[in-house]
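**Q** Shown below is the structure under consideration.
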Amino acid sequence: MSIVQSFSIWFIPFLIGFILLYGTYKKVPTYETFVEGGKEGFSIAINIIPFLVGMLVAISVFRASGALDYVMMAMRPLFSLFHIPAEVVPLGLMRTISGTGALGMTSDLIATHGADSFIGRLASTIQGSTDTTFYVLTVYFGAVGIKKMKYALKVGLLADLIGFLASIAVISLLF
């Protein structure tokens, strides 16, 4: 077993043990604090449900209406001009909205093109290089009552675009 494998296997248990020992050393009631955090997490999950349902309905309507297909068809000449495979563009768009929807698209691309194909590798890299910006803003910001999110939206979408383009550049260079 390599050093990296050993480290990765033992890191999480070591971290948890360290946190518990450090909390005990600082005289923090670790078990009670854990239970209290679990209660707060549960109540946050309950508060998130309406935002989550709204987001999932919006995603379903967007895909089922054919709007995604229409946008892709209209933009195909632009994508080919910049050597961006049109197959991965819906994944880039969906990834900003829904992690589960994007994972489904990634699975479809890998099933169609193969895991070791250019498209498969690109889809996997996009999946790991971008985030669910709209989901995070809708669900988490909504759950805690943040109303002013225009800068977070701009920065999140810019980061997603950079991740998408960097994925294309890196996979094009490597494969």
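Ordered as shown in the structure tokens, chains take letters A, B, and onward, while each chain numbers its residues from 1 and ligands are numbered from 1 in the order shown.
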Contacts of range 125-139 of chain A at 10 Å or less, counting only C-alpha atoms, minus same-chain residues fewer than 3 places along, as a PyMOL selection string?
**A** chain A and resi 45+47-56+88-89+91-100+102-103+105-106+119-122+142-147+149-150+152-168+170-171
**Q** Enumerate the residues of range 4-169 of chain A with a DSSP assignment of alpha helix (DSSP H), computed from the backbone, and present them as a ChimeraX atom specification.
**A** /A:4-25,30-64,67-81,89-97,99-113,118-129,133-135,142-144,150-169
**Q** Have a look at CA of Glu87 in chain A and CA of Ala123 in chain A and let me know their distance in Å, one decimal.
**A** 9.0 Å
**Q** Restrict the calculation to only C-alpha atoms, then for each residue of range 42-81 of chain A with any atom at most 10 Å from an atom of range 34-38 of chain A give the closest atom pair and their distance in Å to one decimal, rows by chain and rising residue number, as a tab-separated table.
**A**
```
residue	atom	partner	partner_atom	distance
A:Phe42	CA	A:Gly38	CA	6.2
A:Ser43	CA	A:Gly38	CA	8.7
A:Ile44	CA	A:Gly38	CA	9.8
```
**Q** Just to be explicit: take each residue in the selection above, keep all heavy atoms, and write the result as a tab-separated table (two decimals), in the first residue's frame.
**A**
```
chain	number	residue	atom	x	y	z
A	42	PHE	N	-30.85	19.32	11.15
A	42	PHE	CA	-32.15	18.81	10.78
A	42	PHE	C	-33.13	19.95	10.51
A	42	PHE	O	-33.87	19.94	9.53
A	42	PHE	CB	-32.70	17.89	11.88
A	42	PHE	CG	-33.97	17.20	11.51
A	42	PHE	CD1	-33.98	16.17	10.58
A	42	PHE	CD2	-35.17	17.60	12.07
A	42	PHE	CE1	-35.16	15.54	10.23
A	42	PHE	CE2	-36.37	16.98	11.72
A	42	PHE	CZ	-36.35	15.95	10.81
A	43	SER	N	-33.12	20.96	11.37
A	43	SER	CA	-34.04	22.08	11.16
A	43	SER	C	-33.67	22.87	9.90
A	43	SER	O	-34.56	23.35	9.18
A	43	SER	CB	-34.07	23.01	12.38
A	43	SER	OG	-32.83	23.66	12.54
A	44	ILE	N	-32.38	22.97	9.60
A	44	ILE	CA	-31.97	23.64	8.37
A	44	ILE	C	-32.45	22.84	7.16
A	44	ILE	O	-32.94	23.41	6.18
A	44	ILE	CB	-30.43	23.84	8.33
A	44	ILE	CG1	-30.03	24.92	9.33
A	44	ILE	CG2	-29.96	24.19	6.93
A	44	ILE	CD1	-28.54	25.08	9.51
```
**Q** So how far away is CA of Gln5 in chain A from CA of Leu21 in chain A, in Å?
**A** 24.6 Å
**Q** Work out how far apart CA of Val71 in chain A and CA of His113 in chain A are and give it in Å to one decimal.
**A**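 Atom-to-atom, CA of Val71 in chain A and CA of His113 in chain A are spaced 22.2 Å apart.
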